[in-house]
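Q: One structure is given below, represented as structure tokens, and several questions about it will come after.
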Amino acid sequence: MKLTSFVASTYVRDLERSRVFYETLGFAEQSHGSNELSAWSYLRQDDHFILLVTSDPPTEIPELPLLFYFFVDDLGSAVAGLEAIGCVVEHVGYPPHALGGEVKTADPDGNTILLGQPERSPSQPDHPESAQHFSLLREAATLAQHRAGATMTCQLRDIHGEPCPRPAEVKLADSWGDTAWACIPHAEEALISASGAFIADQDKQGLAVFMAGRRKS
């Protein structure tokens, strides 16, 4: 089997607003349609495709740490276009995969959008001291703090068994139903070392609580 094309699809709350956002990034609407329950817009840029879908009543859409990563040939132009439609754009740095710079913004549904320029432009200075890398875990932590307002300290102890004084940023869980809030360093360590550990939805109590409730009834 050979993959001939790939279409990225996402649900949105406001189809027109989202269409304008992605058109600013160089996509053009190829077709659209609607019925009594839903509407969609199919956008294309060269061999790249995005399908925007909305529904009535609106689908409950959770914010995501990262929705799309776009590589562009002129980051400055892309930033100017986004700022012209009211987007707040944050410069992230100059990681190895985006020597011309990397920026972060949000789409109309609040999801993180990253743009990177693979090669440094001749007019740009070298930035070896500014190299950074995008952390999906840190994005998830930011979202968790925003939603839950977590102010507790890390619940995972250090290698000497001492309590960790750092603030908790990520809720972790495993397939056995155990959960813990952790700082970024301990969360990264747990995700690598603990079999079955994953980032948990801080708004839910998970399957363990569901099963416990069933046992009580």
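Simple scheme: letters A, B, ... for chains in structure tokens order, numbers from 1 for residues in each chain, numbers from 1 for ligands in the order shown.
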Write out as a ChimeraX atom specification which residues come within 10 Å of Glu83 of chain A when counting only C-alpha atoms, dropping same-chain ones fewer than 6 positions away.

A: /A:24,77,89,105

Q: Excluding same-chain residues fewer than 5 positions from Pro165 of chain A, what lies within 10 Å of it counting only C-alpha atoms, as a PyMOL selection string?

A: chain A and resi 152-158+183

Q: Considering only C-alpha atoms, return as a list in words whatever protein or nucleic-acid residues lie within 6 Å of segment 36-38 of chain A, sequence-local ones (same chain, fewer than 5 positions apart) excluded.

A: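 Counting only the stated atoms, we get Thr54, Ser55 and Asp56 of chain A.
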
Q: From the list A:Leu67, A:Leu15, A:Pro108, A:Leu99, which residue is nearest Pro122 of chain A when using only C-alpha atoms?

A: A:Leu99

Q: Find, counting only C-alpha atoms, the residue in A:Ala190, A:Leu25, A:Leu51, A:Leu43 that gets nearest to Val79 of chain A.

A: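 Looking at the shortest contact to Val79 of chain A, the residue is A:Leu25.
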
Q: Would you mind writing down, as a VMD selection string, each residue of segment 55-114 of chain A that DSSP on the backbone assigns to helix (DSSP H, G or I)?

A: chain A and resid 75 to 84

Q: Would you save the residues from that selection as a JSON list (two decimals), in the first residue's frame, using N, CA and C atoms?

A:
[["chain", "number", "residue", "atom", "x", "y", "z"],
["A", 75, "LEU", "N", 8.76, 32.94, 8.07],
["A", 75, "LEU", "CA", 8.09, 33.02, 9.36],
["A", 75, "LEU", "C", 7.62, 34.44, 9.65],
["A", 76, "GLY", "N", 8.41, 35.43, 9.27],
["A", 76, "GLY", "CA", 8.04, 36.81, 9.52],
["A", 76, "GLY", "C", 6.73, 37.18, 8.84],
["A", 77, "SER", "N", 6.57, 36.74, 7.60],
["A", 77, "SER", "CA", 5.33, 37.01, 6.87],
["A", 77, "SER", "C", 4.15, 36.30, 7.52],
["A", 78, "ALA", "N", 4.37, 35.07, 7.96],
["A", 78, "ALA", "CA", 3.29, 34.32, 8.62],
["A", 78, "ALA", "C", 2.87, 35.01, 9.91],
["A", 79, "VAL", "N", 3.83, 35.47, 10.68],
["A", 79, "VAL", "CA", 3.53, 36.15, 11.94],
["A", 79, "VAL", "C", 2.75, 37.44, 11.67],
["A", 80, "ALA", "N", 3.17, 38.20, 10.67],
["A", 80, "ALA", "CA", 2.48, 39.44, 10.34],
["A", 80, "ALA", "C", 1.03, 39.17, 9.95],
["A", 81, "GLY", "N", 0.80, 38.11, 9.18],
["A", 81, "GLY", "CA", -0.56, 37.78, 8.79],
["A", 81, "GLY", "C", -1.42, 37.39, 9.97],
["A", 82, "LEU", "N", -0.88, 36.61, 10.89],
["A", 82, "LEU", "CA", -1.63, 36.20, 12.07],
["A", 82, "LEU", "C", -1.93, 37.37, 12.98],
["A", 83, "GLU", "N", -0.96, 38.23, 13.18],
["A", 83, "GLU", "CA", -1.19, 39.40, 14.03],
["A", 83, "GLU", "C", -2.20, 40.35, 13.40],
["A", 84, "ALA", "N", -2.28, 40.37, 12.08],
["A", 84, "ALA", "CA", -3.24, 41.24, 11.40],
["A", 84, "ALA", "C", -4.68, 40.82, 11.65]]

Q: Hey, which of A:Thr112, A:Ile184, A:Ile192, A:Thr59 ends up closest to Pro167 of chain A? Count only C-alpha atoms.

A: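 When distances to Pro167 of chain A are compared using only C-alpha atoms, the smallest one comes from A:Ile184.
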
Q: If you run DSSP on the backbone, which residues of segment 43-90 of chain A are strand (DSSP E or B), as a list in words?

A: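 Residues meeting the strand (DSSP E or B) criterion: Leu43, Arg44, Gln45, His48, Phe49, Ile50, Leu51, Leu52, Val53, Thr54, Ser55, Phe68, Tyr69, Phe70, Phe71 and Glu90 of chain A.
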
Q: Please produce a file of those selected residues containing N, CA and C atoms, as a PDB file, in the first residue's frame.

A:
ATOM      1  N   LEU A  43     -10.118  22.823   2.772  1.00  0.00           N
ATOM      2  CA  LEU A  43      -9.096  23.782   2.380  1.00  0.00           C
ATOM      3  C   LEU A  43      -7.848  23.072   1.895  1.00  0.00           C
ATOM      4  N   ARG A  44      -7.155  23.741   0.986  1.00  0.00           N
ATOM      5  CA  ARG A  44      -5.969  23.123   0.396  1.00  0.00           C
ATOM      6  C   ARG A  44      -4.872  24.156   0.189  1.00  0.00           C
ATOM      7  N   GLN A  45      -3.629  23.707   0.365  1.00  0.00           N
ATOM      8  CA  GLN A  45      -2.444  24.472  -0.020  1.00  0.00           C
ATOM      9  C   GLN A  45      -1.456  23.484  -0.622  1.00  0.00           C
ATOM     10  N   HIS A  48      -1.297  19.857   0.654  1.00  0.00           N
ATOM     11  CA  HIS A  48      -1.676  19.811   2.061  1.00  0.00           C
ATOM     12  C   HIS A  48      -3.158  20.163   2.190  1.00  0.00           C
ATOM     13  N   PHE A  49      -3.889  19.399   3.021  1.00  0.00           N
ATOM     14  CA  PHE A  49      -5.337  19.546   3.104  1.00  0.00           C
ATOM     15  C   PHE A  49      -5.785  19.632   4.553  1.00  0.00           C
ATOM     16  N   ILE A  50      -6.794  20.451   4.800  1.00  0.00           N
ATOM     17  CA  ILE A  50      -7.430  20.546   6.111  1.00  0.00           C
ATOM     18  C   ILE A  50      -8.940  20.532   5.910  1.00  0.00           C
ATOM     19  N   LEU A  51      -9.619  19.717   6.699  1.00  0.00           N
ATOM     20  CA  LEU A  51     -11.076  19.670   6.678  1.00  0.00           C
ATOM     21  C   LEU A  51     -11.590  20.208   8.003  1.00  0.00           C
ATOM     22  N   LEU A  52     -12.340  21.311   7.946  1.00  0.00           N
ATOM     23  CA  LEU A  52     -12.945  21.910   9.133  1.00  0.00           C
ATOM     24  C   LEU A  52     -14.408  21.480   9.190  1.00  0.00           C
ATOM     25  N   VAL A  53     -14.833  21.018  10.341  1.00  0.00           N
ATOM     26  CA  VAL A  53     -16.197  20.516  10.495  1.00  0.00           C
ATOM     27  C   VAL A  53     -16.832  21.141  11.726  1.00  0.00           C
ATOM     28  N   THR A  54     -18.093  21.544  11.610  1.00  0.00           N
ATOM     29  CA  THR A  54     -18.835  22.049  12.761  1.00  0.00           C
ATOM     30  C   THR A  54     -20.195  21.369  12.793  1.00  0.00           C
ATOM     31  N   SER A  55     -20.845  21.419  13.930  1.00  0.00           N
ATOM     32  CA  SER A  55     -22.128  20.728  14.072  1.00  0.00           C
ATOM     33  C   SER A  55     -23.112  21.608  14.824  1.00  0.00           C
ATOM     34  N   PHE A  68      -1.785  21.546  15.263  1.00  0.00           N
ATOM     35  CA  PHE A  68      -1.025  21.418  14.029  1.00  0.00           C
ATOM     36  C   PHE A  68       0.346  22.070  14.187  1.00  0.00           C
ATOM     37  N   TYR A  69       1.331  21.516  13.477  1.00  0.00           N
ATOM     38  CA  TYR A  69       2.640  22.149  13.347  1.00  0.00           C
ATOM     39  C   TYR A  69       2.848  22.420  11.864  1.00  0.00           C
ATOM     40  N   PHE A  70       3.063  23.699  11.526  1.00  0.00           N
ATOM     41  CA  PHE A  70       3.259  24.095  10.138  1.00  0.00           C
ATOM     42  C   PHE A  70       4.698  24.552   9.923  1.00  0.00           C
ATOM     43  N   PHE A  71       5.347  24.018   8.889  1.00  0.00           N
ATOM     44  CA  PHE A  71       6.630  24.550   8.451  1.00  0.00           C
ATOM     45  C   PHE A  71       6.367  25.569   7.342  1.00  0.00           C
ATOM     46  N   GLU A  90       3.621  34.125  20.012  1.00  0.00           N
ATOM     47  CA  GLU A  90       4.750  34.075  20.947  1.00  0.00           C
ATOM     48  C   GLU A  90       5.947  33.411  20.274  1.00  0.00           C
TER      49      GLU A  90
END

Q: Counting only C-alpha atoms, figure out which residue out of A:Cys87, A:Asn35, A:Asp73, A:Glu102 gets nearest to Tyr22 of chain A.

A: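 Ranked by minimum distance to Tyr22 of chain A, first place goes to A:Cys87.
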
Q: Could you state the separation of atom CA of Ser18 of chain A and atom CA of Gly100 of chain A in Å, given to one decimal place?

A: 26.5 Å

Q: Quick one: everything within 9 Å of Thr179 of chain A, counting only C-alpha atoms, minus sequence neighbours fewer than 5 positions away in the same chain. Send it as a short mmCIF file (atom, residue, chain, number, x, y, z; two decimals) with N, CA and C atoms, in the first residue's frame.

A:
data_model
loop_
_atom_site.label_atom_id
_atom_site.label_comp_id
_atom_site.auth_asym_id
_atom_site.auth_seq_id
_atom_site.Cartn_x
_atom_site.Cartn_y
_atom_site.Cartn_z
N LYS A 171 -1.00 15.99 35.88
CA LYS A 171 -1.61 14.86 36.56
C LYS A 171 -1.29 13.60 35.79
N LEU A 172 -0.70 12.62 36.48
CA LEU A 172 -0.35 11.35 35.87
C LEU A 172 -1.28 10.26 36.37
N ALA A 173 -1.43 9.22 35.59
CA ALA A 173 -2.24 8.06 35.98
C ALA A 173 -1.63 6.82 35.35
N ASP A 174 -2.12 5.67 35.78
CA ASP A 174 -1.72 4.43 35.13
C ASP A 174 -2.94 3.55 34.94
N ALA A 200 -2.95 12.23 32.60
CA ALA A 200 -4.37 12.03 32.87
C ALA A 200 -5.15 13.30 32.62
N GLN A 205 -12.07 11.48 37.05
CA GLN A 205 -11.53 10.63 38.09
C GLN A 205 -11.10 9.27 37.57
#

Q: For Tyr94 of chain A, which of A:Gly110, A:Glu119, A:Val72, A:Val170 is the closest residue, counting only C-alpha atoms?

A: A:Glu119

Q: What is the atom CA of Ala28 of chain A-atom CA of Glu16 of chain A distance in Å, reported with one decimal?

A: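 Atom CA of Glu16 of chain A lies at a distance of 12.7 Å from atom CA of Ala28 of chain A.
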